[in-house]
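K.L.:
upload_12.tsv is the file, holding TSV, C-alpha atoms:
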```tsv
chain	number	residue	atom	x	y	z
L	1	MET	CA	0.00	0.00	0.00
L	2	SER	CA	1.41	3.38	-1.04
L	3	ARG	CA	2.16	5.94	1.62
L	4	THR	CA	0.83	9.47	1.32
L	5	ILE	CA	3.23	12.39	1.70
L	6	LEU	CA	1.65	15.76	2.47
L	7	ILE	CA	3.49	18.55	0.62
L	8	VAL	CA	2.91	22.02	2.11
L	9	ASP	CA	4.32	24.97	0.15
L	10	ASP	CA	2.83	28.12	-1.33
L	11	GLU	CA	4.98	27.93	-4.47
L	12	GLN	CA	3.21	25.91	-7.19
L	13	ARG	CA	6.47	25.18	-9.02
L	14	ILE	CA	8.08	23.61	-5.97
L	15	VAL	CA	4.98	21.57	-5.18
L	16	ASP	CA	4.84	20.23	-8.73
L	17	ILE	CA	8.52	19.21	-8.77
L	18	VAL	CA	8.37	17.53	-5.37
L	19	LYS	CA	5.10	15.79	-6.24
L	20	PHE	CA	6.51	14.46	-9.52
L	21	ASN	CA	9.62	13.03	-7.85
L	22	LEU	CA	7.77	11.52	-4.89
L	23	ARG	CA	5.26	9.81	-7.15
L	24	LYS	CA	8.08	8.49	-9.30
L	25	GLU	CA	9.39	6.83	-6.11
L	26	GLY	CA	6.01	5.19	-5.52
L	27	TYR	CA	4.49	7.53	-2.94
L	28	GLU	CA	1.03	9.06	-3.07
L	29	THR	CA	0.86	12.81	-2.41
L	30	ALA	CA	-1.52	15.42	-1.07
L	31	GLU	CA	-0.83	19.12	-1.57
L	32	ALA	CA	-1.57	22.21	0.52
L	33	TYR	CA	-0.65	25.79	-0.32
L	34	ASP	CA	-1.35	27.42	3.04
L	35	GLY	CA	-1.32	26.53	6.72
L	36	GLU	CA	-5.05	26.08	7.24
L	37	GLU	CA	-5.29	23.66	4.31
L	38	ALA	CA	-2.28	21.76	5.67
L	39	LEU	CA	-4.02	21.29	9.03
L	40	ARG	CA	-7.21	20.12	7.31
L	41	LEU	CA	-5.39	17.61	5.11
L	42	HIS	CA	-3.43	16.30	8.06
L	43	GLU	CA	-6.76	15.33	9.64
L	44	THR	CA	-8.42	13.93	6.50
L	45	GLU	CA	-5.51	12.29	4.66
L	46	LYS	CA	-3.56	10.91	7.67
L	47	PRO	CA	-0.25	11.27	5.79
L	48	ALA	CA	2.76	9.06	6.54
L	49	LEU	CA	5.03	12.13	6.45
L	50	ILE	CA	4.70	15.91	6.09
L	51	LEU	CA	7.01	18.15	4.08
L	52	LEU	CA	6.29	21.55	5.60
L	53	ASP	CA	7.52	24.91	4.33
L	54	VAL	CA	8.09	27.58	6.98
L	55	MET	CA	6.97	30.63	5.00
L	56	LEU	CA	3.24	30.15	4.36
L	57	PRO	CA	0.38	32.65	3.99
L	58	GLY	CA	-1.81	32.96	7.07
L	59	VAL	CA	-0.73	30.26	9.50
L	60	ASP	CA	3.02	29.75	9.06
L	61	GLY	CA	4.86	26.44	9.11
L	62	PHE	CA	6.05	26.81	12.70
L	63	GLU	CA	2.47	27.19	13.93
L	64	VAL	CA	1.27	24.31	11.75
L	65	CYS	CA	3.95	22.10	13.28
L	66	ARG	CA	3.02	23.18	16.80
L	67	ARG	CA	-0.68	22.45	16.29
L	68	ILE	CA	-0.06	19.05	14.71
L	69	ARG	CA	2.19	18.01	17.57
L	70	GLN	CA	-0.57	18.75	20.08
L	71	THR	CA	-2.44	15.65	18.87
L	72	ASP	CA	0.00	13.74	16.65
L	73	LYS	CA	3.39	12.76	18.05
L	74	LEU	CA	4.15	10.08	15.44
L	75	THR	CA	3.94	11.50	11.91
L	76	PRO	CA	7.39	12.71	10.81
L	77	ILE	CA	7.56	16.42	9.95
L	78	ILE	CA	10.37	17.72	7.73
L	79	MET	CA	10.57	21.51	7.72
L	80	ALA	CA	11.71	23.26	4.55
L	81	THR	CA	13.01	26.81	4.73
L	82	ALA	CA	15.07	29.29	2.77
L	83	ARG	CA	16.32	30.70	6.06
L	84	THR	CA	19.79	29.77	7.22
L	85	GLU	CA	19.80	31.15	10.77
L	86	GLU	CA	20.54	28.52	13.41
L	87	ILE	CA	17.80	29.92	15.66
L	88	ASP	CA	15.11	28.96	13.11
L	89	THR	CA	16.44	25.42	12.89
L	90	VAL	CA	16.51	24.98	16.66
L	91	PHE	CA	13.05	26.57	16.98
L	92	ALA	CA	11.61	24.11	14.45
L	93	LEU	CA	13.12	21.15	16.28
L	94	ASP	CA	11.88	22.45	19.62
L	95	LEU	CA	8.35	22.64	18.23
L	96	GLY	CA	8.51	18.95	17.37
L	97	ALA	CA	9.83	18.84	13.82
L	98	ASP	CA	11.83	15.70	13.17
L	99	ASP	CA	14.10	17.10	10.50
L	100	TYR	CA	14.67	20.04	8.17
L	101	VAL	CA	16.01	20.85	4.72
L	102	THR	CA	17.26	24.21	3.51
L	103	LYS	CA	16.12	25.64	0.19
L	104	PRO	CA	17.23	25.25	-2.49
L	105	PHE	CA	17.54	21.50	-1.96
L	106	SER	CA	18.27	18.73	-4.42
L	107	MET	CA	15.64	16.06	-4.93
L	108	LYS	CA	18.22	13.40	-4.12
L	109	MET	CA	18.80	15.03	-0.73
L	110	LEU	CA	15.09	15.49	-0.05
L	111	LEU	CA	14.31	11.87	-0.91
L	112	ALA	CA	17.09	10.75	1.43
L	113	HIS	CA	15.48	12.74	4.25
L	114	VAL	CA	12.04	11.29	3.45
L	115	LYS	CA	13.25	7.70	3.38
L	116	ALA	CA	15.32	8.10	6.55
L	117	ASN	CA	12.39	9.52	8.51
L	118	LEU	CA	9.95	6.88	7.27
L	119	ARG	CA	12.47	4.18	8.14
L	120	ARG	CA	12.80	5.62	11.65
L	121	THR	CA	9.01	5.52	12.07
L	122	ASP	CA	8.95	1.88	10.95
L	123	ILE	CA	11.53	1.04	13.59
L	124	VAL	CA	9.42	2.67	16.29
L	125	LEU	CA	6.34	0.76	15.17
L	126	ASP	CA	7.87	-2.64	14.40
L	127	GLU	CA	10.80	-3.23	16.75
L	128	LEU	CA	10.67	-3.95	20.43
L	129	ALA	CA	13.57	-3.43	22.80
L	130	ALA	CA	14.29	-4.72	26.29
L	131	SER	CA	12.61	-2.59	28.97
L	132	PRO	CA	13.30	-2.02	32.64
L	133	SER	CA	10.87	-3.37	35.22
L	134	GLU	CA	7.58	-1.48	35.60
L	135	GLU	CA	8.50	-0.89	39.23
L	136	ALA	CA	11.61	1.06	38.22
L	137	PRO	CA	11.59	4.90	38.45
L	138	LEU	CA	12.00	4.97	34.67
L	139	TYR	CA	10.07	2.44	32.58
L	140	ILE	CA	10.31	2.19	28.78
L	141	ASP	CA	6.95	1.02	27.45
L	142	GLU	CA	7.35	-0.37	23.91
L	143	ASP	CA	3.61	-0.87	23.43
L	144	ARG	CA	2.82	2.80	24.06
L	145	PHE	CA	6.07	4.11	22.57
L	146	ASP	CA	6.66	6.21	25.65
L	147	VAL	CA	8.63	6.37	28.89
L	148	PHE	CA	7.02	6.44	32.31
L	149	ILE	CA	8.67	8.28	35.19
L	150	HIS	CA	7.29	6.99	38.50
L	151	GLY	CA	4.15	5.91	36.62
L	152	LYS	CA	3.64	9.18	34.73
L	153	ALA	CA	3.98	9.30	30.92
L	154	ALA	CA	6.77	11.53	29.65
L	155	ASP	CA	4.85	12.14	26.39
L	156	LEU	CA	7.85	11.56	24.13
L	157	THR	CA	7.93	12.13	20.39
L	158	PRO	CA	8.84	9.09	18.24
L	159	ARG	CA	12.36	10.45	17.76
L	160	GLU	CA	12.85	10.94	21.50
L	161	PHE	CA	11.48	7.47	22.24
L	162	GLU	CA	13.75	5.84	19.66
L	163	LEU	CA	16.71	7.77	21.06
L	164	ILE	CA	16.28	6.65	24.68
L	165	LYS	CA	15.43	3.11	23.60
L	166	PHE	CA	18.65	2.94	21.61
L	167	LEU	CA	20.79	4.34	24.43
L	168	ALA	CA	19.14	2.16	27.09
L	169	ALA	CA	19.79	-0.97	25.03
L	170	SER	CA	23.55	-0.43	25.64
L	171	PRO	CA	23.83	1.05	29.15
L	172	ASP	CA	27.07	2.84	29.97
L	173	HIS	CA	28.21	2.69	26.34
L	174	VAL	CA	29.16	6.15	25.07
L	175	PHE	CA	27.83	7.05	21.62
L	176	SER	CA	29.16	10.02	19.67
L	177	ARG	CA	26.73	12.39	18.01
L	178	GLU	CA	27.80	10.90	14.67
L	179	ASP	CA	26.92	7.42	16.00
L	180	LEU	CA	23.47	8.57	17.07
L	181	LEU	CA	22.82	10.43	13.84
L	182	ARG	CA	23.66	7.27	11.90
L	183	ASP	CA	21.95	4.66	14.10
L	184	VAL	CA	18.91	6.54	15.42
L	185	TRP	CA	18.28	9.11	12.70
L	186	GLN	CA	19.25	6.44	10.12
L	187	TYR	CA	20.81	8.95	7.74
L	188	ASP	CA	22.79	7.71	4.76
L	189	TYR	CA	24.71	10.98	4.65
L	190	PHE	CA	26.37	13.40	7.05
L	191	GLY	CA	23.59	15.22	8.88
L	192	ASP	CA	23.47	18.19	11.24
L	193	LEU	CA	24.90	17.32	14.66
L	194	ARG	CA	22.80	20.05	16.25
L	195	SER	CA	19.75	17.81	15.74
L	196	VAL	CA	21.24	15.32	18.20
L	197	ASP	CA	21.98	17.98	20.83
L	198	VAL	CA	18.47	19.44	20.59
L	199	ALA	CA	16.87	15.99	20.87
L	200	ILE	CA	18.99	15.10	23.91
L	201	ARG	CA	18.10	18.38	25.60
L	202	ARG	CA	14.38	17.91	24.96
L	203	LEU	CA	14.54	14.30	26.14
L	204	ARG	CA	16.25	15.30	29.38
L	205	GLU	CA	13.64	17.99	30.01
L	206	LYS	CA	10.95	15.31	29.86
L	207	ILE	CA	12.53	12.45	31.82
L	208	GLU	CA	14.95	14.04	34.27
L	209	GLU	CA	13.94	15.55	37.60
L	210	ASP	CA	16.66	18.14	37.03
L	211	SER	CA	17.67	18.37	33.39
L	212	ALA	CA	20.76	20.40	34.34
L	213	ASN	CA	21.97	17.49	36.47
L	214	PRO	CA	20.71	14.40	34.63
L	215	LYS	CA	20.89	10.90	36.07
L	216	TYR	CA	19.66	8.87	33.08
L	217	ILE	CA	21.10	10.44	29.91
L	218	LEU	CA	24.65	11.57	30.69
L	219	THR	CA	27.35	13.37	28.74
L	220	LYS	CA	30.91	12.14	28.34
L	221	ARG	CA	32.64	15.44	27.70
L	222	GLY	CA	34.29	15.58	24.31
L	223	VAL	CA	32.95	12.16	23.34
L	224	GLY	CA	29.17	11.86	23.38
L	225	TYR	CA	26.16	10.61	25.33
L	226	TYR	CA	25.27	7.47	27.26
L	227	TYR	CA	22.51	5.91	29.35
L	228	GLU	CA	23.46	5.38	32.99
L	229	GLY	CA	22.95	1.67	33.68
```
Would you mind writing the file's structure down as C-alpha cells?

P.N.:
Amino acid sequence: MSRTILIVDDEQRIVDIVKFNLRKEGYETAEAYDGEEALRLHETEKPALILLDVMLPGVDGFEVCRRIRQTDKLTPIIMATARTEEIDTVFALDLGADDYVTKPFSMKMLLAHVKANLRRTDIVLDELAASPSEEAPLYIDEDRFDVFIHGKAADLTPREFELIKFLAASPDHVFSREDLLRDVWQYDYFGDLRSVDVAIRRLREKIEEDSANPKYILTKRGVGYYYEG
C-alpha cells in the first residue's frame, strides 16, 4: 500500500517538482498551499510524512507544526526553509519537527530525508527493545512508545522514544553524536549534529527531575552521550 506524503508549500512550481519526484518513487501525495489547508489535510488524509515549508500565507509552518504536535506525536515532519539562521532550525526542532532541509535543496537530498524519517518511524512501530521493570523509576513502554517516570507518561515524540530506547539498550556505552545520527536518525549521509543535541536536551527535560543534572542520559565530555545503567 502506497504511503501518502503531504506537501505544504505556497509555491506551485516547488509543489509540482516535489510531487513528480515523490510519485516516481512510488508515494502518493496530497498538496496544501497554506497553513489552514495543511491542518485540514493532516486530519483527513492521515499522511505518513509531512514536508512543511516555513513561509506560508496565514498560518506559518512553525504554527502548523506546533498544532499538529498537540495531537499527533508520530507522523514525521520535515521543515523546509530558505532561512539559514541557526535559531530557526533549533526553533523548528523544539516545536517537534523531526528534520529540516534548507532551500534550495536537491531532490536526491530530499528523498534521502524522506526515506530516513519513514524508516525511523517503521523502527518505532515494528521493533521492540528490552525494557526495565515497571517498578523502576524509569520504565520504557514499547507498546505505548513512551517512557514512564514513576508511573507518569513523559509524552515523548517518536524520535525521543527511539533515542532513549537505543541508548538504554547499551547502558554505559558512550555514543558520539555521529553514531546517534547514523543509528537513530538512520541517515545515509552526514547530517546536522545540532539535531542530536536538541533531541537530547528535549529528552532530558521530559525524563529528568533536574535536566541540568541528569541521572539517566549523561554526557561524556568531548565524546558523546550514554545511558546510565

K.L.:
Just the residues within 9 Å of range 56-72 of chain L, please, counting only C-alpha atoms, with nothing from its chain fewer than 3 positions along; format it as a list in words.

P.N.:
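Counting only C-alpha atoms, the residues come to Val8, Asp9, Asp10, Tyr33, Asp34, Gly35, Glu36, Ala38, Leu39, His42, Leu52, Asp53, Thr75, Ile77, Met79, Ala80, Phe91, Ala92, Leu95, Gly96, Ala97 and Thr157 of chain L.
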
K.L.:
Of the candidates L:Ile5, L:Val114, L:Leu22, L:Ala168, which shows the shortest atom-to-atom distance to Pro47 in chain L, using only C-alpha atoms?

P.N.:
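With only C-alpha atoms as the atom set, the closest residue is L:Ile5.
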
K.L.:
Smallest atom-to-atom distance to Ser176 in chain L: which of L:Arg221, L:Arg3, L:Lys19, L:His150, using only C-alpha atoms?

P.N.:
L:Arg221

K.L.:
Could you please determine the separation between CA of Glu25 in chain L and CA of Ala112 in chain L in Å, to one decimal place?

P.N.:
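Here the two named atoms are 11.5 Å from each other.
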
K.L.:
May I ask which of the residues L:Val223, L:Leu163, L:Leu181, L:Val15 is the closest one to Leu203 in chain L, counting all atoms listed in the file?

P.N.:
L:Leu163
